[in-house]
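Asker: Structure supplied as final-v3.cif; contents: mmCIF, C-alpha atoms.
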```
data_run
#
loop_
_atom_site.label_atom_id
_atom_site.label_comp_id
_atom_site.auth_asym_id
_atom_site.auth_seq_id
_atom_site.Cartn_x
_atom_site.Cartn_y
_atom_site.Cartn_z
CA MET A 1 33.78 -13.55 -8.49
CA ILE A 2 30.40 -12.48 -7.10
CA GLU A 3 27.64 -13.29 -9.60
CA PHE A 4 25.39 -10.44 -8.39
CA PRO A 5 27.71 -7.73 -7.05
CA LEU A 6 25.03 -5.03 -6.87
CA GLY A 7 22.72 -7.34 -4.98
CA ALA A 8 25.52 -8.28 -2.61
CA ALA A 9 26.08 -4.59 -1.83
CA THR A 10 22.37 -3.82 -1.29
CA THR A 11 21.10 -3.57 2.28
CA PRO A 12 17.59 -3.40 3.77
CA ALA A 13 18.56 -0.16 5.51
CA GLY A 14 19.55 1.43 2.22
CA LEU A 15 16.35 0.30 0.53
CA ALA A 16 14.30 1.68 3.42
CA ARG A 17 16.00 5.05 3.37
CA ASP A 18 16.38 5.92 -0.33
CA PRO A 19 15.87 2.92 -2.61
CA HIS A 20 15.46 4.50 -6.01
CA PRO A 21 19.08 5.07 -7.14
CA ARG A 22 20.02 1.48 -6.22
CA LEU A 23 16.83 0.07 -7.73
CA ALA A 24 17.69 1.86 -10.99
CA GLU A 25 21.16 0.27 -11.00
CA LEU A 26 19.72 -3.16 -10.29
CA ARG A 27 17.06 -2.79 -12.98
CA ALA A 28 19.68 -1.83 -15.58
CA HIS A 29 22.33 -4.42 -14.70
CA GLU A 30 20.82 -7.11 -12.44
CA PRO A 31 17.03 -7.04 -13.03
CA VAL A 32 16.73 -10.28 -11.08
CA SER A 33 19.39 -10.09 -8.40
CA TRP A 34 20.32 -12.20 -5.38
CA LEU A 35 20.37 -10.15 -2.16
CA PRO A 36 22.20 -12.05 0.59
CA GLU A 37 20.83 -9.74 3.29
CA LEU A 38 17.27 -10.68 2.28
CA ASN A 39 18.23 -14.27 1.50
CA GLY A 40 16.24 -14.00 -1.70
CA TRP A 41 15.87 -12.57 -5.19
CA LEU A 42 14.81 -9.00 -5.94
CA VAL A 43 12.97 -8.32 -9.21
CA THR A 44 13.10 -4.70 -10.40
CA ARG A 45 12.13 -4.75 -14.10
CA ARG A 46 8.45 -4.23 -14.85
CA ASP A 47 7.96 -7.04 -17.39
CA LEU A 48 9.61 -9.56 -15.07
CA ALA A 49 7.61 -8.26 -12.10
CA LEU A 50 4.42 -8.92 -14.07
CA ASP A 51 5.62 -12.43 -14.95
CA VAL A 52 6.01 -13.23 -11.25
CA MET A 53 2.71 -11.73 -10.07
CA ARG A 54 0.66 -13.31 -12.86
CA ASP A 55 1.99 -16.84 -12.34
CA ALA A 56 0.68 -17.99 -8.97
CA GLU A 57 1.44 -21.63 -9.79
CA THR A 58 5.18 -20.96 -10.09
CA PHE A 59 5.46 -18.03 -7.66
CA THR A 60 3.15 -18.54 -4.71
CA VAL A 61 2.35 -16.67 -1.51
CA ASP A 62 1.36 -19.93 0.17
CA ASP A 63 4.52 -20.58 2.17
CA PRO A 64 5.11 -20.74 5.96
CA ARG A 65 7.71 -17.95 5.62
CA PHE A 66 5.12 -15.42 4.34
CA SER A 67 5.41 -12.62 6.86
CA THR A 68 1.79 -11.50 7.13
CA ALA A 69 0.54 -15.05 7.68
CA GLN A 70 3.01 -15.44 10.56
CA VAL A 71 1.27 -12.56 12.34
CA VAL A 72 -2.43 -13.04 11.46
CA GLY A 73 -2.68 -16.60 10.08
CA PRO A 74 -3.81 -17.78 6.63
CA SER A 75 -5.87 -15.28 4.63
CA MET A 76 -6.64 -14.22 1.06
CA LEU A 77 -3.22 -12.51 1.09
CA SER A 78 -1.29 -15.71 1.87
CA LEU A 79 -3.24 -18.35 -0.08
CA ASP A 80 -3.42 -19.22 -3.77
CA GLY A 81 -5.75 -21.14 -6.06
CA ALA A 82 -9.14 -22.32 -4.84
CA GLU A 83 -8.39 -21.47 -1.20
CA HIS A 84 -7.49 -17.91 -2.16
CA THR A 85 -10.79 -17.56 -4.02
CA ARG A 86 -12.73 -19.04 -1.09
CA HIS A 87 -11.23 -16.49 1.31
CA ARG A 88 -11.49 -13.49 -1.04
CA GLU A 89 -14.96 -13.86 -2.53
CA PRO A 90 -17.00 -13.26 0.68
CA PHE A 91 -15.39 -9.81 0.97
CA ALA A 92 -15.37 -8.73 -2.69
CA ALA A 93 -18.84 -7.26 -3.37
CA PRO A 94 -18.62 -3.90 -1.50
CA PHE A 95 -15.31 -3.04 -3.18
CA ARG A 96 -16.46 -3.11 -6.81
CA PRO A 97 -16.45 0.31 -8.55
CA ARG A 98 -20.19 0.98 -8.54
CA GLU A 99 -20.66 -0.32 -5.00
CA VAL A 100 -17.76 1.83 -3.79
CA ARG A 101 -19.33 5.00 -5.25
CA GLU A 102 -22.80 4.21 -3.94
CA GLY A 103 -21.74 2.85 -0.58
CA PHE A 104 -18.89 5.11 0.48
CA ALA A 105 -18.73 8.45 -1.39
CA GLU A 106 -21.16 10.29 0.88
CA PHE A 107 -19.58 8.90 4.05
CA ILE A 108 -16.06 9.84 2.90
CA GLU A 109 -17.21 13.37 1.99
CA THR A 110 -18.80 13.80 5.43
CA GLU A 111 -15.85 12.39 7.34
CA THR A 112 -13.34 14.42 5.33
CA ASP A 113 -15.36 17.57 5.89
CA ARG A 114 -15.44 16.90 9.63
CA LEU A 115 -11.67 16.40 9.83
CA VAL A 116 -10.82 19.46 7.70
CA THR A 117 -13.27 21.64 9.63
CA ALA A 118 -11.45 20.74 12.84
CA LEU A 119 -8.10 21.59 11.21
CA GLU A 120 -8.99 24.90 9.52
CA PRO A 121 -8.48 27.28 12.47
CA GLN A 122 -5.11 25.81 13.46
CA GLY A 123 -2.92 27.04 10.61
CA ALA A 124 -0.56 24.07 10.93
CA ALA A 125 -0.79 20.31 11.50
CA GLU A 126 0.90 16.93 11.11
CA LEU A 127 -1.49 15.50 8.54
CA ARG A 128 -0.55 11.84 8.66
CA ARG A 129 -1.77 11.35 12.21
CA VAL A 130 -4.57 13.90 12.49
CA PHE A 131 -6.06 13.51 9.00
CA ALA A 132 -4.91 10.68 6.71
CA GLY A 133 -4.82 7.98 9.39
CA PRO A 134 -8.17 8.82 11.04
CA LEU A 135 -9.90 9.06 7.65
CA ALA A 136 -8.55 5.68 6.54
CA VAL A 137 -9.54 4.07 9.85
CA ALA A 138 -13.06 5.50 9.74
CA VAL A 139 -13.64 4.20 6.22
CA VAL A 140 -12.20 0.73 6.72
CA THR A 141 -14.04 0.31 10.04
CA ARG A 142 -17.28 1.23 8.31
CA ALA A 143 -16.50 -1.09 5.39
CA LEU A 144 -15.97 -4.08 7.67
CA GLY A 145 -18.68 -3.18 10.15
CA VAL A 146 -16.53 -3.72 13.26
CA ALA A 147 -18.69 -2.94 16.28
CA GLY A 148 -17.72 -0.82 19.28
CA VAL A 149 -14.09 -0.02 18.37
CA GLY A 150 -12.69 3.52 18.32
CA THR A 151 -10.30 5.11 15.84
CA ASP A 152 -7.39 5.28 18.32
CA THR A 153 -7.71 1.57 19.10
CA VAL A 154 -7.76 0.57 15.43
CA LEU A 155 -4.74 2.80 14.69
CA ALA A 156 -2.83 1.19 17.56
CA TRP A 157 -3.64 -2.30 16.26
CA TYR A 158 -2.63 -1.30 12.75
CA ASP A 159 0.70 0.20 13.86
CA ALA A 160 1.60 -2.92 15.80
CA ILE A 161 0.63 -5.39 13.05
CA VAL A 162 2.45 -3.44 10.32
CA ARG A 163 5.56 -3.17 12.51
CA ALA A 164 5.57 -6.93 13.12
CA VAL A 165 5.15 -7.72 9.40
CA SER A 166 7.95 -5.28 8.52
CA ASP A 167 10.24 -6.86 11.14
CA LEU A 168 9.71 -10.34 9.70
CA THR A 169 10.21 -9.16 6.10
CA ALA A 170 13.52 -7.57 7.09
CA GLY A 171 14.62 -10.84 8.70
CA HIS A 172 14.17 -9.73 12.32
CA THR A 173 12.09 -11.18 15.13
CA ALA A 174 8.58 -9.75 15.08
CA ASP A 175 7.68 -7.17 17.68
CA PRO A 176 5.41 -9.07 20.15
CA ALA A 177 2.98 -6.15 20.13
CA GLY A 178 1.85 -7.34 16.68
CA PRO A 179 0.43 -10.71 17.78
CA ARG A 180 -1.11 -9.03 20.84
CA ALA A 181 -2.83 -6.46 18.64
CA TYR A 182 -4.11 -9.19 16.34
CA ALA A 183 -5.54 -11.12 19.30
CA GLN A 184 -7.50 -8.00 20.30
CA LEU A 185 -8.68 -7.46 16.73
CA ARG A 186 -9.78 -11.08 16.53
CA SER A 187 -11.84 -10.67 19.72
CA ALA A 188 -13.53 -7.58 18.25
CA VAL A 189 -14.32 -9.49 15.04
CA GLU A 190 -15.78 -12.40 16.99
CA ALA A 191 -17.93 -9.99 19.03
CA THR A 192 -19.18 -8.32 15.84
CA VAL A 193 -20.10 -11.67 14.28
CA ALA A 194 -21.77 -12.79 17.51
CA GLU A 195 -23.96 -9.68 17.41
CA GLY A 196 -24.97 -10.70 13.90
CA ALA A 197 -25.30 -7.14 12.66
CA GLY A 198 -27.25 -7.39 9.42
CA THR A 199 -25.14 -4.86 7.56
CA SER A 200 -21.79 -6.12 8.78
CA LEU A 201 -19.50 -7.49 6.10
CA LEU A 202 -17.86 -9.62 8.80
CA ALA A 203 -21.14 -11.21 9.81
CA ALA A 204 -21.97 -11.92 6.16
CA ALA A 205 -18.51 -13.46 5.59
CA ALA A 206 -19.03 -15.71 8.64
CA ASP A 207 -21.74 -17.53 6.66
CA ARG A 208 -19.01 -18.85 4.34
CA LEU A 209 -15.83 -18.84 6.45
CA THR A 210 -14.86 -19.97 9.93
CA LEU A 211 -14.41 -17.32 12.64
CA PRO A 212 -10.58 -17.56 12.56
CA GLU A 213 -10.73 -17.15 8.76
CA VAL A 214 -13.01 -14.11 9.04
CA ALA A 215 -10.63 -12.58 11.60
CA SER A 216 -7.46 -13.14 9.57
CA ASN A 217 -9.04 -11.65 6.44
CA ALA A 218 -10.43 -8.73 8.44
CA ALA A 219 -6.92 -8.02 9.73
CA VAL A 220 -5.51 -8.07 6.20
CA LEU A 221 -8.26 -5.78 4.89
CA MET A 222 -7.97 -3.49 7.90
CA PHE A 223 -4.25 -2.89 7.93
CA GLY A 224 -4.08 -3.05 4.13
CA GLY A 225 -6.88 -0.51 3.81
CA ILE A 226 -5.38 1.83 6.36
CA GLU A 227 -1.82 1.47 5.06
CA THR A 228 -2.79 1.91 1.42
CA THR A 229 -4.93 4.99 1.94
CA GLU A 230 -2.80 6.70 4.56
CA ALA A 231 0.24 6.26 2.31
CA MET A 232 -1.63 7.38 -0.81
CA ILE A 233 -2.84 10.60 0.81
CA THR A 234 0.45 11.53 2.47
CA ASN A 235 2.66 10.57 -0.48
CA ALA A 236 0.45 12.36 -3.01
CA LEU A 237 0.27 15.50 -0.90
CA LEU A 238 4.03 15.44 -0.39
CA HIS A 239 4.62 15.11 -4.14
CA LEU A 240 2.25 17.98 -4.95
CA LEU A 241 3.66 20.31 -2.30
CA ARG A 242 7.23 19.53 -3.40
CA HIS A 243 6.37 20.42 -7.01
CA PRO A 244 4.62 23.83 -7.05
CA ASP A 245 4.35 23.80 -10.85
CA GLN A 246 2.36 20.56 -10.75
CA LEU A 247 0.28 21.79 -7.81
CA THR A 248 -0.62 24.89 -9.82
CA LEU A 249 -1.85 22.70 -12.67
CA VAL A 250 -4.04 20.67 -10.30
CA ARG A 251 -5.44 23.73 -8.55
CA ALA A 252 -6.40 25.16 -11.93
CA ASP A 253 -8.07 21.92 -13.02
CA PHE A 254 -9.13 19.39 -10.40
CA ALA A 255 -9.69 16.90 -13.25
CA LEU A 256 -5.89 16.42 -13.08
CA LEU A 257 -6.16 15.15 -9.51
CA ASP A 258 -6.60 11.55 -10.67
CA GLY A 259 -3.43 11.85 -12.72
CA ALA A 260 -1.58 13.26 -9.75
CA ILE A 261 -2.70 10.32 -7.59
CA GLU A 262 -1.65 7.72 -10.18
CA GLU A 263 1.70 9.45 -10.69
CA SER A 264 2.30 9.55 -6.94
CA LEU A 265 1.44 5.84 -6.70
CA ARG A 266 3.93 5.20 -9.48
CA LEU A 267 6.76 7.14 -7.88
CA GLU A 268 6.19 5.97 -4.31
CA PRO A 269 3.88 2.95 -3.92
CA GLY A 270 2.69 2.57 -0.33
CA ALA A 271 3.68 -1.09 -0.44
CA ALA A 272 7.13 -1.11 -2.03
CA VAL A 273 7.53 -4.89 -2.34
CA VAL A 274 5.51 -8.11 -2.50
CA ASP A 275 6.91 -11.54 -1.68
CA ARG A 276 6.50 -14.82 -3.56
CA TYR A 277 8.10 -18.26 -3.22
CA ALA A 278 9.17 -20.44 -6.15
CA THR A 279 7.30 -23.75 -6.34
CA ARG A 280 9.78 -25.23 -8.85
CA ASP A 281 13.09 -24.54 -10.54
CA THR A 282 12.51 -21.91 -13.22
CA ALA A 283 14.20 -19.25 -15.34
CA LEU A 284 13.30 -15.63 -14.71
CA GLY A 285 15.03 -13.22 -17.05
CA PRO A 286 18.78 -13.78 -16.67
CA ALA A 287 18.46 -15.71 -13.37
CA THR A 288 17.86 -19.34 -12.50
CA ILE A 289 15.43 -19.58 -9.59
CA ARG A 290 15.43 -22.71 -7.43
CA GLU A 291 12.40 -24.34 -5.86
CA GLY A 292 11.73 -22.76 -2.47
CA ASP A 293 13.60 -19.51 -3.19
CA LEU A 294 12.14 -16.24 -1.96
CA VAL A 295 11.33 -13.96 -4.91
CA THR A 296 10.58 -10.38 -3.89
CA VAL A 297 9.02 -8.11 -6.49
CA SER A 298 10.03 -4.47 -6.12
CA LEU A 299 6.92 -2.53 -7.09
CA ALA A 300 8.93 0.62 -6.49
CA GLY A 301 11.53 -0.57 -8.99
CA ALA A 302 9.02 -1.73 -11.61
CA ASN A 303 7.15 1.58 -11.37
CA ARG A 304 10.21 3.54 -12.50
CA ASP A 305 11.15 1.29 -15.41
CA PRO A 306 12.24 3.70 -18.17
CA ALA A 307 11.20 1.18 -20.82
CA VAL A 308 7.59 2.00 -19.86
CA PHE A 309 7.81 5.40 -18.15
CA PRO A 310 10.13 7.92 -19.90
CA ASP A 311 12.01 10.20 -17.52
CA PRO A 312 10.81 7.91 -14.72
CA ASP A 313 11.93 10.00 -11.73
CA ARG A 314 9.89 13.04 -12.81
CA PHE A 315 6.53 13.81 -11.15
CA ASP A 316 4.17 14.65 -14.02
CA VAL A 317 0.43 14.89 -13.30
CA ARG A 318 -0.21 14.76 -17.06
CA ARG A 319 1.75 11.53 -17.65
CA GLU A 320 -0.46 9.64 -20.10
CA ASN A 321 0.36 6.12 -18.96
CA ALA A 322 0.69 6.64 -15.19
CA ARG A 323 -2.15 4.19 -14.61
CA LEU A 324 0.18 1.39 -15.73
CA GLN A 325 1.78 1.68 -12.27
CA LEU A 326 1.76 -1.49 -10.17
CA ALA A 327 1.21 -0.02 -6.70
CA PHE A 328 -1.83 -2.26 -6.19
CA ALA A 329 0.12 -5.34 -7.39
CA HIS A 330 -1.19 -7.46 -10.26
CA GLY A 331 -2.73 -10.83 -10.98
CA PRO A 332 -4.87 -12.77 -8.51
CA HIS A 333 -3.60 -10.70 -5.57
CA TYR A 334 -4.48 -7.30 -7.07
CA CYS A 335 -5.61 -5.07 -4.18
CA LEU A 336 -9.25 -5.79 -3.38
CA ALA A 337 -9.98 -2.23 -2.19
CA ALA A 338 -8.06 -0.26 -4.85
CA HIS A 339 -11.20 1.59 -6.03
CA LEU A 340 -12.05 2.60 -2.46
CA ALA A 341 -8.50 3.81 -1.80
CA ARG A 342 -8.57 5.94 -4.95
CA LEU A 343 -11.93 7.46 -4.01
CA GLU A 344 -10.76 8.29 -0.47
CA THR A 345 -7.56 9.90 -1.73
CA ARG A 346 -9.32 11.95 -4.39
CA ILE A 347 -11.89 13.33 -1.93
CA ALA A 348 -9.26 13.94 0.76
CA LEU A 349 -6.90 15.88 -1.51
CA ARG A 350 -9.69 17.93 -3.06
CA HIS A 351 -10.92 19.05 0.37
CA LEU A 352 -7.42 19.85 1.62
CA LEU A 353 -6.44 21.86 -1.45
CA ASP A 354 -9.79 23.61 -1.67
CA ARG A 355 -10.17 24.60 1.97
CA LEU A 356 -6.67 25.18 3.33
CA PRO A 357 -5.34 28.28 1.52
CA ALA A 358 -1.65 28.47 0.65
CA LEU A 359 -1.15 24.91 1.87
CA ARG A 360 2.61 24.23 2.03
CA LEU A 361 5.22 22.04 3.68
CA ASP A 362 6.49 23.18 7.08
CA PRO A 363 10.21 23.95 6.56
CA ASP A 364 10.88 23.39 10.27
CA HIS A 365 9.80 19.73 10.00
CA PRO A 366 11.12 18.24 6.74
CA SER A 367 10.12 14.70 5.89
CA ALA A 368 10.55 12.07 3.20
CA PRO A 369 9.08 8.63 2.50
CA HIS A 370 10.74 5.84 4.45
CA GLY A 371 10.36 2.09 4.78
CA LEU A 372 11.51 -1.21 3.30
CA VAL A 373 8.03 -2.73 2.88
CA PHE A 374 5.60 0.11 3.52
CA ARG A 375 6.74 3.54 2.32
CA LYS A 376 5.38 6.92 3.37
CA PRO A 377 6.58 9.94 5.32
CA PRO A 378 6.69 9.13 9.04
CA THR A 379 5.23 12.62 9.53
CA LEU A 380 3.85 15.24 7.18
CA HIS A 381 3.93 18.69 8.78
CA VAL A 382 2.19 21.43 6.82
CA ARG A 383 1.12 25.04 7.22
CA TRP A 384 -1.60 27.10 5.57
CA GLY A 385 -3.12 30.56 5.63
#
```
If you convert what's in this file into structure tokens, what do you get?

Answerer:
Amino acid sequence: MIEFPLGAATTPAGLARDPHPRLAELRAHEPVSWLPELNGWLVTRRDLALDVMRDAETFTVDDPRFSTAQVVGPSMLSLDGAEHTRHREPFAAPFRPREVREGFAEFIETETDRLVTALEPQGAAELRRVFAGPLAVAVVTRALGVAGVGTDTVLAWYDAIVRAVSDLTAGHTADPAGPRAYAQLRSAVEATVAEGAGTSLLAAAADRLTLPEVASNAAVLMFGGIETTEAMITNALLHLLRHPDQLTLVRADFALLDGAIEESLRLEPGAAVVDRYATRDTALGPATIREGDLVTVSLAGANRDPAVFPDPDRFDVRRENARLQLAFAHGPHYCLAAHLARLETRIALRHLLDRLPALRLDPDHPSAPHGLVFRKPPTLHVRWG
């Protein structure tokens, strides 16, 4: 008899394509389930997901199997305790709520206006690559202060690093383009620090961290910042355009835009899973976890837990508790740039909805979110006018 039959029948390909029906089954019947194809546990219930992410002593990221660290080395994302704090603190100040508003709002407005102005006459576009990605790159490059690097280069690095991390998470060999891209990013970081630009966050961090440590954290912030924001914009726009009734509500009252963003994050978090490793034998819900076991938290599963979110598959921009979503994780590894990502997405969506009349999905190019680790539409073709 198989102890976890649903887990045994769950594949990475299925979770990448359309995870939500299977995640609902797992959450109801095997909320902590062993998945042989991932060689680890999958946690899908929200309360248990919180237990894992809050307890860094029992469920750590600091393990040689952690996929991101294999590509970019140790960073705030792959360390816990005092070392995590030492890596994170030099980068924290610009991403606090007040500093985000004062330091980035005007730049994001200007950059968004520039991108939308270029789009307006065209009548159609693929918004992930010509809008969401370039906006996210521009903002994260400004935030870090990387010198002399263009948007196309940063996007290429980001694509390669994300692909390598996804390969490793799925149990495959990493695409060698990932380490190559990281080596180029590291060179750019070292050049920026060498220039000693007074306003550069990287140069300031180099006063407290070694150059390799600055580079690894810059890589995490760069691809995390791009991935988070690109996914937030494309997923939220897809949700709104798929639900005309909800789009009508938002168009009538842009104050509902924040609710739409939180609800989109709940339904389709850009990062669908986070990995931890058990430091000791422990009980988690109905399961007995052994020291060294991989424990993967499904943020996508936790975000549709009906015990917290009634009618969890419905997109409702007025959902009162949507902000309880866990798309930015929880605990010591809560996303450092969550406030910046929210600000970017709010400004981006407001400009798109305000300036592109009759904005709608292109029926000739349908798309849907896809991905085991990082989930968003591969393309988002739209028309307007």

Asker: Nearest residue to Thr282 of chain A out of A:Pro90, A:Ala322, A:Met222, A:Val295, using only C-alpha atoms?

Answerer: A:Val295

Asker: Could you tell me which of A:Val274, A:Ala132, A:Leu26, A:Leu209 comes closest to Thr60 of chain A if we count all atoms listed in the file?

Answerer: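 Counting all atoms listed in the file, the residue closest to Thr60 of chain A is A:Val274.
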
Asker: What are the closest atom pairs, with distances in Å to one decimal, for each residue of segment 31-55 of chain A lying within 10 Å of segment 330-354 of chain A, using only C-alpha atoms, rows by chain and rising residue number, as CSV?

Answerer:
```
residue,atom,partner,partner_atom,distance
A:Ala49,CA,A:His330,CA,9.0
A:Leu50,CA,A:His330,CA,6.9
A:Asp51,CA,A:Gly331,CA,9.4
A:Val52,CA,A:Gly331,CA,9.1
A:Met53,CA,A:Gly331,CA,5.6
A:Arg54,CA,A:Gly331,CA,4.6
A:Asp55,CA,A:Gly331,CA,7.8
```

Asker: What does the structure give for the distance between atom CA of Asp152 of chain A and atom CA of Val137 of chain A, in Å to one decimal?

Answerer: 8.8 Å

Asker: Got a sec: who's within 7 Å of Ser33 of chain A, counting all atoms listed in the file, leaving out chain neighbours fewer than 5 positions off, as a list of chain:residue names?

Answerer: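 Those residues are A:Phe4, A:Gly7, A:Trp41, A:Leu42, A:Val43.
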
Asker: Keeping C-alpha atoms for every residue in the selection just given, could you write it to a file as a PDB file, in the coordinates of the input?

Answerer:
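Result file follows (again_13.pdb):
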```pdb
ATOM      1  CA  PHE A   4      25.390 -10.440  -8.390  1.00  0.00           C
ATOM      2  CA  GLY A   7      22.720  -7.340  -4.980  1.00  0.00           C
ATOM      3  CA  TRP A  41      15.870 -12.570  -5.190  1.00  0.00           C
ATOM      4  CA  LEU A  42      14.810  -9.000  -5.940  1.00  0.00           C
ATOM      5  CA  VAL A  43      12.970  -8.320  -9.210  1.00  0.00           C
TER       6      VAL A  43
END
```

Asker: Expanded to explicit residues, what is the PyMOL selection byres ((chain A and resi 165-173) around 9) for this file, as a VMD selection string?

Answerer: chain A and resid 12 37 to 39 65 to 71 160 to 164 174 to 176 178 275 371 to 374

Asker: Hey, which of A:Pro21, A:Gly145, A:Pro357, A:Gly270 ends up closest to Ser200 of chain A? Count only C-alpha atoms.

Answerer: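 Closest to Ser200 of chain A, using only C-alpha atoms: A:Gly145.
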
Asker: Which residues are near Glu120 of chain A? Cut-off 8 Å, all atoms listed in the file, ignore same chain within fewer than 3 positions. Put them as a VMD selection string.

Answerer: chain A and resid 116 to 117 123 355 to 356

Asker: Applying 9 Å and only C-alpha atoms, which residues near Leu237 of chain A remain after dropping the ones on its own chain fewer than 5 positions away? List them as a ChimeraX atom specification.

Answerer: /A:232,242,261,264,349,380

Asker: Rank nothing, just name the residue among A:Arg266, A:Arg186, A:Arg142, A:Arg180 nearest to Leu326 of chain A, using only C-alpha atoms.

Answerer: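 Among A:Arg266, A:Arg186, A:Arg142, A:Arg180, it is A:Arg266 that comes nearest to Leu326 of chain A.
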
Asker: Do you have the atom CA of Pro269 of chain A-atom CA of Gln325 of chain A distance handy?

Answerer: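 Answer for the atom CA of Pro269 of chain A to atom CA of Gln325 of chain A separation: 8.7 Å.
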
Asker: For Val308 of chain A, please output as a VMD selection string all residues within 12 Å (counting all atoms listed in the file; exclusion window: fewer than 3 positions along the same chain).

Answerer: chain A and resid 45 to 47 266 301 to 305 311 to 312 319 to 326

Asker: List the neighbours of Val146 of chain A out to 8 Å using all atoms listed in the file; skip same-chain residues closer than 5 positions along the sequence, and give me the result as a PyMOL selection string.

Answerer: chain A and resi 141+188-189+192+200+202

Asker: Quick check, in Å to one decimal: how far apart do atom CA of Leu247 of chain A and atom CA of Arg383 of chain A lie?

Answerer: 15.4 Å

Asker: Ranking A:Pro31, A:Gly148, A:Pro74, A:Pro212 by minimum distance to Ala287 of chain A and counting all atoms listed in the file, which one comes first?

Answerer: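 Distance minimum relative to Ala287 of chain A lands on A:Pro31.
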